[in-house]
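This is protein.cif (mmCIF, C-alpha atoms).
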```
data_input
#
loop_
_atom_site.label_atom_id
_atom_site.label_comp_id
_atom_site.auth_asym_id
_atom_site.auth_seq_id
_atom_site.Cartn_x
_atom_site.Cartn_y
_atom_site.Cartn_z
CA MET A 1 0.00 0.00 0.00
CA MET A 2 1.19 3.53 -0.81
CA GLN A 3 1.13 6.24 1.73
CA LYS A 4 0.08 9.66 0.53
CA SER A 5 1.93 12.56 2.03
CA PHE A 6 0.06 15.77 2.38
CA GLU A 7 2.08 18.88 1.74
CA GLN A 8 1.06 22.39 2.62
CA LEU A 9 0.86 24.65 -0.45
CA ASP A 10 1.26 28.38 -0.63
CA LEU A 11 -1.06 30.81 -2.40
CA PHE A 12 0.37 29.94 -5.83
CA GLY A 13 0.33 26.16 -5.40
CA PHE A 14 3.98 25.61 -4.56
CA PRO A 15 4.90 23.40 -1.62
CA ILE A 16 5.95 25.18 1.54
CA GLU A 17 9.14 24.04 3.17
CA PRO A 18 8.77 23.28 6.85
CA ALA A 19 10.19 25.97 9.09
CA ALA A 20 13.60 25.21 10.53
CA GLN A 21 13.44 24.36 14.18
CA PRO A 22 15.53 26.67 16.37
CA LYS A 23 18.53 25.05 17.94
CA LYS A 24 18.25 24.30 21.60
CA LYS A 25 21.06 25.52 23.80
CA ALA A 26 23.07 23.04 25.64
CA PRO A 27 22.37 23.21 29.37
CA SER A 28 26.03 23.84 30.18
CA GLU A 29 26.18 27.10 28.16
CA LYS A 30 25.79 30.27 30.20
CA PRO A 31 24.15 33.33 28.72
CA VAL A 32 26.67 36.00 27.77
CA PRO A 33 25.69 39.48 28.97
CA ALA A 34 25.37 42.03 26.18
CA GLU A 35 27.91 44.82 26.13
CA PRO A 36 26.47 48.28 26.72
CA ILE A 37 26.17 50.38 23.60
CA PRO A 38 28.20 53.58 23.84
CA VAL A 39 26.06 56.73 23.61
CA PRO A 40 27.66 59.54 21.61
CA GLU A 41 28.03 62.86 23.40
CA PRO A 42 25.99 65.77 22.06
CA VAL A 43 27.85 68.06 19.72
CA ALA A 44 27.56 71.79 20.31
CA ALA A 45 25.61 73.46 17.52
CA VAL A 46 27.47 75.99 15.45
CA ALA A 47 25.55 79.21 15.08
CA GLU A 48 25.06 80.04 11.43
CA PRO A 49 24.31 83.58 10.39
CA SER A 50 20.64 83.98 9.68
CA ILE A 51 19.91 85.08 6.16
CA PRO A 52 16.45 86.61 5.72
CA LEU A 53 14.58 85.03 2.85
CA LYS A 54 12.54 87.18 0.52
CA ASN A 55 8.74 87.01 0.61
CA THR A 56 8.54 84.48 3.40
CA LYS A 57 5.65 84.54 5.81
CA PRO A 58 5.89 83.04 9.25
CA ALA A 59 4.18 79.69 9.49
CA PRO A 60 0.73 79.90 11.11
CA VAL A 61 0.71 78.63 14.65
CA LYS A 62 -1.74 75.81 15.10
CA THR A 63 -3.43 75.65 18.42
CA ALA A 64 -4.43 72.31 19.76
CA GLY A 65 -8.18 72.28 19.43
CA LYS A 66 -10.79 69.76 20.08
CA ARG A 67 -12.47 67.76 17.40
CA GLY A 68 -16.14 67.78 16.62
CA ARG A 69 -18.81 70.38 17.13
CA LYS A 70 -18.14 73.72 18.71
CA SER A 71 -19.73 74.61 22.00
CA PHE A 72 -22.34 77.34 22.18
CA ARG A 73 -19.85 79.59 23.94
CA GLU A 74 -17.36 79.21 21.08
CA MET A 75 -20.07 79.90 18.51
CA ASP A 76 -21.16 83.00 20.46
CA SER A 77 -17.64 84.37 20.51
CA GLU A 78 -17.26 83.78 16.77
CA ALA A 79 -20.71 85.12 15.86
CA ASP A 80 -19.57 88.70 16.32
CA LEU A 81 -16.53 88.12 14.15
CA ILE A 82 -18.30 87.72 10.78
CA ASP A 83 -16.74 90.07 8.32
CA VAL A 84 -19.37 90.72 5.61
CA PRO A 85 -18.75 94.00 3.79
CA ASP A 86 -21.33 96.78 3.72
CA GLU A 87 -24.10 96.97 1.14
CA ASP A 88 -22.41 99.59 -1.06
CA ILE A 89 -19.19 97.55 -1.20
CA LEU A 90 -21.13 94.37 -2.02
CA GLN A 91 -22.87 96.12 -4.95
CA GLN A 92 -19.53 96.66 -6.69
CA LYS A 93 -19.46 93.07 -7.99
CA LEU A 94 -22.28 90.92 -9.31
CA TYR A 95 -20.98 87.59 -8.05
CA TYR A 96 -18.76 86.37 -5.25
CA SER A 97 -17.08 82.98 -5.07
CA ILE A 98 -17.97 80.48 -2.36
CA SER A 99 -14.48 80.74 -0.84
CA GLU A 100 -14.82 84.52 -0.47
CA VAL A 101 -18.21 84.21 1.19
CA ALA A 102 -17.05 81.39 3.48
CA GLY A 103 -14.12 83.58 4.53
CA TRP A 104 -16.49 86.41 5.51
CA PHE A 105 -18.62 84.10 7.63
CA LYS A 106 -15.58 82.17 8.95
CA VAL A 107 -17.11 78.80 8.05
CA ASN A 108 -16.12 75.99 5.71
CA THR A 109 -17.35 75.97 2.13
CA SER A 110 -18.96 72.60 2.80
CA LEU A 111 -21.22 74.23 5.39
CA LEU A 112 -22.41 76.76 2.82
CA ARG A 113 -23.16 73.94 0.36
CA PHE A 114 -25.08 72.13 3.12
CA TRP A 115 -27.11 75.24 3.90
CA GLU A 116 -27.84 75.59 0.18
CA ASN A 117 -29.36 72.11 0.17
CA GLU A 118 -31.35 72.72 3.33
CA PHE A 119 -32.78 76.20 2.76
CA ASP A 120 -34.87 77.06 -0.30
CA ILE A 121 -34.19 80.80 -0.06
CA LEU A 122 -30.49 80.23 -0.73
CA GLN A 123 -29.94 79.66 -4.45
CA PRO A 124 -26.52 80.73 -5.73
CA ARG A 125 -25.79 80.62 -9.44
CA LYS A 126 -23.63 77.82 -10.75
CA THR A 127 -21.15 77.88 -13.59
CA ARG A 128 -20.88 75.12 -16.18
CA LYS A 129 -18.06 73.73 -14.12
CA GLY A 130 -20.31 73.63 -11.02
CA ASP A 131 -18.72 76.47 -9.06
CA ARG A 132 -21.16 78.45 -6.92
CA LEU A 133 -21.40 82.19 -7.38
CA PHE A 134 -23.24 84.17 -4.71
CA ARG A 135 -25.21 87.31 -5.52
CA VAL A 136 -25.84 90.12 -3.04
CA GLU A 137 -29.30 88.75 -2.20
CA ASP A 138 -27.81 85.32 -1.56
CA ILE A 139 -25.31 86.88 0.85
CA LYS A 140 -28.16 88.66 2.67
CA ASN A 141 -30.04 85.36 2.93
CA LEU A 142 -26.86 83.75 4.26
CA GLN A 143 -26.62 86.46 6.90
CA LEU A 144 -30.19 85.71 7.90
CA ILE A 145 -29.55 81.96 8.08
CA TYR A 146 -26.34 82.54 10.02
CA PHE A 147 -28.19 84.81 12.44
CA LEU A 148 -30.90 82.21 13.09
CA LEU A 149 -28.59 79.21 13.41
CA ARG A 150 -25.57 80.68 15.18
CA GLN A 151 -26.89 83.61 17.20
CA ARG A 152 -30.48 82.64 17.94
CA LYS A 153 -29.50 78.93 18.25
CA PHE A 154 -32.32 77.60 16.06
CA SER A 155 -32.18 74.06 14.76
CA ILE A 156 -32.22 73.56 10.98
CA ASP A 157 -35.92 72.63 10.98
CA GLY A 158 -36.76 75.44 13.38
CA ALA A 159 -34.98 77.96 11.17
CA LYS A 160 -36.81 76.65 8.08
CA ASN A 161 -40.20 77.02 9.79
CA TYR A 162 -39.32 80.44 11.16
CA LEU A 163 -38.27 81.64 7.71
CA LYS A 164 -41.51 80.35 6.16
CA ASN A 165 -43.70 82.12 8.71
CA ASN A 166 -41.70 85.20 9.77
CA LYS A 167 -39.20 86.07 7.04
CA LYS A 168 -39.66 89.86 7.28
CA GLU A 169 -39.46 89.86 11.06
CA ALA A 170 -36.33 87.71 11.02
CA ASP A 171 -34.78 90.00 8.40
CA THR A 172 -35.39 93.14 10.47
CA GLN A 173 -34.02 91.45 13.60
CA ALA A 174 -30.89 90.34 11.76
CA GLN A 175 -30.32 93.86 10.41
CA LEU A 176 -30.85 95.33 13.86
CA VAL A 177 -28.34 92.94 15.44
CA GLN A 178 -25.86 93.65 12.64
CA SER A 179 -26.10 97.42 13.09
CA LEU A 180 -25.80 97.10 16.87
CA THR A 181 -22.66 94.95 16.58
CA LYS A 182 -21.12 97.51 14.21
CA PHE A 183 -21.96 100.26 16.67
CA ARG A 184 -20.46 98.22 19.50
CA SER A 185 -17.23 97.66 17.58
CA PHE A 186 -17.08 101.42 16.84
CA LEU A 187 -17.47 102.20 20.54
CA LEU A 188 -14.78 99.69 21.48
CA GLU A 189 -12.38 101.24 18.97
CA LEU A 190 -13.20 104.68 20.35
CA LYS A 191 -12.55 103.48 23.90
CA SER A 192 -9.20 101.95 22.93
CA SER A 193 -8.11 105.13 21.14
CA ILE A 194 -8.99 107.25 24.20
CA ASN A 195 -6.94 105.02 26.51
#
```

Could you show the structure in this file as structure tokens?
Amino acid sequence: MMQKSFEQLDLFGFPIEPAAQPKKKAPSEKPVPAEPIPVPEPVAAVAEPSIPLKNTKPAPVKTAGKRGRKSFREMDSEADLIDVPDEDILQQKLYYSISEVAGWFKVNTSLLRFWENEFDILQPRKTRKGDRLFRVEDIKNLQLIYFLLRQRKFSIDGAKNYLKNNKKEADTQAQLVQSLTKFRSFLLELKSSIN
């Protein structure tokens, strides 16, 4: 009778050689202690003359922040920092890019695209390429949405319902808050110049 030997095959069908067994130490051998590795001494750095480079900006300092959503306190502190130009300056151009507008509101462009999907009043023009171009009325609607979501702390659905029922009232409140914050910043500048 023939005995069949079963061999283990690798992924490609070739036989795998059995792993070599490690040699066992003889009981009479003593382990040899390893010699300590010499650590090199630190070399004193040679001061090189600093040569100023042309057109170099200092690298922005990243602060260690937390991940995820911002707290209401953080949103409150940033709500006053929106930097939307005045009406007469906005009228100088017909369209503004999404990156410009996101920079004014200090939000990501993805948030503006999300708000566009959620709110019917926000309808920026799109180029053939798909880039969004915001008109002055779109920027005003964005200010209104920003006011409801970030300053009044409405939820998305609550802001939608509020805009359906009370659009004029919300618009006047947003304009009032905007003018008061401008007046406040003027007074703070005046106070700092006096001191």

Exercise. Have a look at CA of Arg125 in chain A and CA of Asp83 in chain A and let me know their distance in Å, one decimal.
Key: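 Pair CA of Arg125 in chain A / CA of Asp83 in chain A returns 22.1 Å.
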
Quiz item: What does the distance from CA of Glu100 in chain A to CA of Ile139 in chain A come to in Å, to one decimal?
Solution: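 One can read the CA of Glu100 in chain A to CA of Ile139 in chain A distance as 10.8 Å.
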
Practice problem: Could you check how far CA of Ala102 in chain A sits from CA of Lys126 in chain A, in Å to one decimal? | Solution: 16.1 Å

Quiz item: Pick from A:Glu87, A:Leu11, A:Lys106, A:Ala174: nearest to Gln143 in chain A, with all atoms listed in the file counted?
Solution: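 Of the candidates, the smallest distance to Gln143 in chain A is held by A:Ala174.
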
Exercise. Tell me which protein, DNA and RNA residues are within 12 Å of Lys93 in chain A, counting all atoms listed in the file, leaving out same-chain ones fewer than 4 positions away, and put them as a list in words.
Key: Pro85, Glu87, Asp88, Ile89, Ser97, Leu133, Phe134, Arg135 and Val136 of chain A

Quiz prompt | Surrounding residues of Phe147 in chain A excluding itself and chain neighbours under 3 positions, 10 Å, only C-alpha atoms, as an NGL selection string | solution = :A and (79 or 141-144 or 150-154 or 159 or 170-171 or 173-175 or 177-178)

Quiz prompt | Exercise: residues within 8 Å of coordinate (-17.7, 80.4, -0.3), counting only C-alpha atoms, as a count of residues only | solution = 12

Quiz item: For Lys167 in chain A, which of A:Ile121, A:Leu180, A:Leu149, A:Ile194 is the closest residue, counting only C-alpha atoms?
Solution: A:Ile121

Quiz item: Between A:Glu137, A:Glu118, A:Glu41, A:Asp86, which has the minimum distance to Gly158 in chain A (counting all atoms listed in the file)?
Solution: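 Ranked by minimum distance to Gly158 in chain A, first place goes to A:Glu118.
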
Listed atoms of range 169-177 of chain A boxed along x, y and z, 6 Å each side, centre and edge lengths in Å, one decimal, as lines of an AutoDock Vina configuration file:
```
center_x = -33.9
center_y = 91.5
center_z = 11.9
size_x = 23.1
size_y = 19.6
size_z = 19.0
```

Quiz item: Within 10 Å of Glu17 in chain A, counting all atoms listed in the file, which residues qualify if same-chain residues fewer than 3 places away don't, as a list in words?
Solution: Glu7, Gln8, Leu9, Asp10, Phe14 and Ala20 of chain A

Can we get range 86-188 of chain A of that structure written down with C-alpha atoms, as an mmCIF file, in the first residue's frame?
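Okay, this is what ended up in part_9.cif:
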```
data_model
loop_
_atom_site.group_PDB
_atom_site.id
_atom_site.type_symbol
_atom_site.label_atom_id
_atom_site.label_comp_id
_atom_site.auth_asym_id
_atom_site.auth_seq_id
_atom_site.Cartn_x
_atom_site.Cartn_y
_atom_site.Cartn_z
ATOM 1 C CA ASP A 86 -21.329 96.785 3.724
ATOM 2 C CA GLU A 87 -24.101 96.966 1.135
ATOM 3 C CA ASP A 88 -22.406 99.591 -1.056
ATOM 4 C CA ILE A 89 -19.187 97.550 -1.202
ATOM 5 C CA LEU A 90 -21.132 94.372 -2.023
ATOM 6 C CA GLN A 91 -22.868 96.120 -4.950
ATOM 7 C CA GLN A 92 -19.526 96.664 -6.685
ATOM 8 C CA LYS A 93 -19.460 93.072 -7.986
ATOM 9 C CA LEU A 94 -22.285 90.924 -9.315
ATOM 10 C CA TYR A 95 -20.982 87.593 -8.047
ATOM 11 C CA TYR A 96 -18.756 86.373 -5.247
ATOM 12 C CA SER A 97 -17.079 82.977 -5.072
ATOM 13 C CA ILE A 98 -17.968 80.481 -2.358
ATOM 14 C CA SER A 99 -14.485 80.740 -0.842
ATOM 15 C CA GLU A 100 -14.816 84.517 -0.469
ATOM 16 C CA VAL A 101 -18.208 84.206 1.187
ATOM 17 C CA ALA A 102 -17.048 81.395 3.475
ATOM 18 C CA GLY A 103 -14.124 83.582 4.527
ATOM 19 C CA TRP A 104 -16.493 86.405 5.506
ATOM 20 C CA PHE A 105 -18.619 84.097 7.632
ATOM 21 C CA LYS A 106 -15.585 82.171 8.953
ATOM 22 C CA VAL A 107 -17.112 78.796 8.050
ATOM 23 C CA ASN A 108 -16.122 75.985 5.709
ATOM 24 C CA THR A 109 -17.348 75.968 2.129
ATOM 25 C CA SER A 110 -18.956 72.596 2.802
ATOM 26 C CA LEU A 111 -21.219 74.226 5.389
ATOM 27 C CA LEU A 112 -22.406 76.762 2.817
ATOM 28 C CA ARG A 113 -23.160 73.940 0.364
ATOM 29 C CA PHE A 114 -25.075 72.128 3.116
ATOM 30 C CA TRP A 115 -27.107 75.237 3.899
ATOM 31 C CA GLU A 116 -27.838 75.594 0.184
ATOM 32 C CA ASN A 117 -29.356 72.107 0.170
ATOM 33 C CA GLU A 118 -31.345 72.718 3.335
ATOM 34 C CA PHE A 119 -32.779 76.204 2.756
ATOM 35 C CA ASP A 120 -34.872 77.060 -0.297
ATOM 36 C CA ILE A 121 -34.192 80.796 -0.064
ATOM 37 C CA LEU A 122 -30.495 80.232 -0.733
ATOM 38 C CA GLN A 123 -29.942 79.658 -4.453
ATOM 39 C CA PRO A 124 -26.520 80.726 -5.731
ATOM 40 C CA ARG A 125 -25.790 80.616 -9.442
ATOM 41 C CA LYS A 126 -23.626 77.815 -10.751
ATOM 42 C CA THR A 127 -21.145 77.884 -13.595
ATOM 43 C CA ARG A 128 -20.883 75.117 -16.177
ATOM 44 C CA LYS A 129 -18.063 73.730 -14.121
ATOM 45 C CA GLY A 130 -20.308 73.633 -11.023
ATOM 46 C CA ASP A 131 -18.725 76.474 -9.062
ATOM 47 C CA ARG A 132 -21.160 78.453 -6.920
ATOM 48 C CA LEU A 133 -21.398 82.188 -7.380
ATOM 49 C CA PHE A 134 -23.238 84.166 -4.708
ATOM 50 C CA ARG A 135 -25.213 87.313 -5.522
ATOM 51 C CA VAL A 136 -25.844 90.120 -3.037
ATOM 52 C CA GLU A 137 -29.303 88.753 -2.200
ATOM 53 C CA ASP A 138 -27.805 85.318 -1.559
ATOM 54 C CA ILE A 139 -25.314 86.875 0.850
ATOM 55 C CA LYS A 140 -28.161 88.662 2.669
ATOM 56 C CA ASN A 141 -30.037 85.365 2.925
ATOM 57 C CA LEU A 142 -26.862 83.745 4.257
ATOM 58 C CA GLN A 143 -26.616 86.458 6.895
ATOM 59 C CA LEU A 144 -30.190 85.706 7.898
ATOM 60 C CA ILE A 145 -29.549 81.957 8.077
ATOM 61 C CA TYR A 146 -26.337 82.538 10.020
ATOM 62 C CA PHE A 147 -28.193 84.810 12.444
ATOM 63 C CA LEU A 148 -30.897 82.210 13.091
ATOM 64 C CA LEU A 149 -28.585 79.214 13.410
ATOM 65 C CA ARG A 150 -25.570 80.684 15.183
ATOM 66 C CA GLN A 151 -26.892 83.610 17.203
ATOM 67 C CA ARG A 152 -30.482 82.635 17.938
ATOM 68 C CA LYS A 153 -29.500 78.930 18.246
ATOM 69 C CA PHE A 154 -32.323 77.600 16.064
ATOM 70 C CA SER A 155 -32.175 74.061 14.762
ATOM 71 C CA ILE A 156 -32.216 73.563 10.983
ATOM 72 C CA ASP A 157 -35.916 72.628 10.978
ATOM 73 C CA GLY A 158 -36.758 75.441 13.382
ATOM 74 C CA ALA A 159 -34.979 77.964 11.170
ATOM 75 C CA LYS A 160 -36.814 76.651 8.084
ATOM 76 C CA ASN A 161 -40.197 77.021 9.791
ATOM 77 C CA TYR A 162 -39.318 80.440 11.163
ATOM 78 C CA LEU A 163 -38.271 81.643 7.707
ATOM 79 C CA LYS A 164 -41.512 80.351 6.160
ATOM 80 C CA ASN A 165 -43.696 82.116 8.708
ATOM 81 C CA ASN A 166 -41.702 85.204 9.767
ATOM 82 C CA LYS A 167 -39.195 86.068 7.042
ATOM 83 C CA LYS A 168 -39.660 89.857 7.282
ATOM 84 C CA GLU A 169 -39.459 89.855 11.061
ATOM 85 C CA ALA A 170 -36.330 87.712 11.023
ATOM 86 C CA ASP A 171 -34.784 89.998 8.397
ATOM 87 C CA THR A 172 -35.387 93.138 10.470
ATOM 88 C CA GLN A 173 -34.022 91.447 13.601
ATOM 89 C CA ALA A 174 -30.887 90.335 11.761
ATOM 90 C CA GLN A 175 -30.322 93.858 10.411
ATOM 91 C CA LEU A 176 -30.846 95.332 13.864
ATOM 92 C CA VAL A 177 -28.338 92.941 15.436
ATOM 93 C CA GLN A 178 -25.859 93.646 12.644
ATOM 94 C CA SER A 179 -26.105 97.417 13.091
ATOM 95 C CA LEU A 180 -25.797 97.098 16.868
ATOM 96 C CA THR A 181 -22.657 94.951 16.576
ATOM 97 C CA LYS A 182 -21.121 97.514 14.207
ATOM 98 C CA PHE A 183 -21.963 100.265 16.672
ATOM 99 C CA ARG A 184 -20.462 98.221 19.497
ATOM 100 C CA SER A 185 -17.226 97.664 17.580
ATOM 101 C CA PHE A 186 -17.084 101.420 16.842
ATOM 102 C CA LEU A 187 -17.474 102.205 20.543
ATOM 103 C CA LEU A 188 -14.780 99.685 21.482
#
```
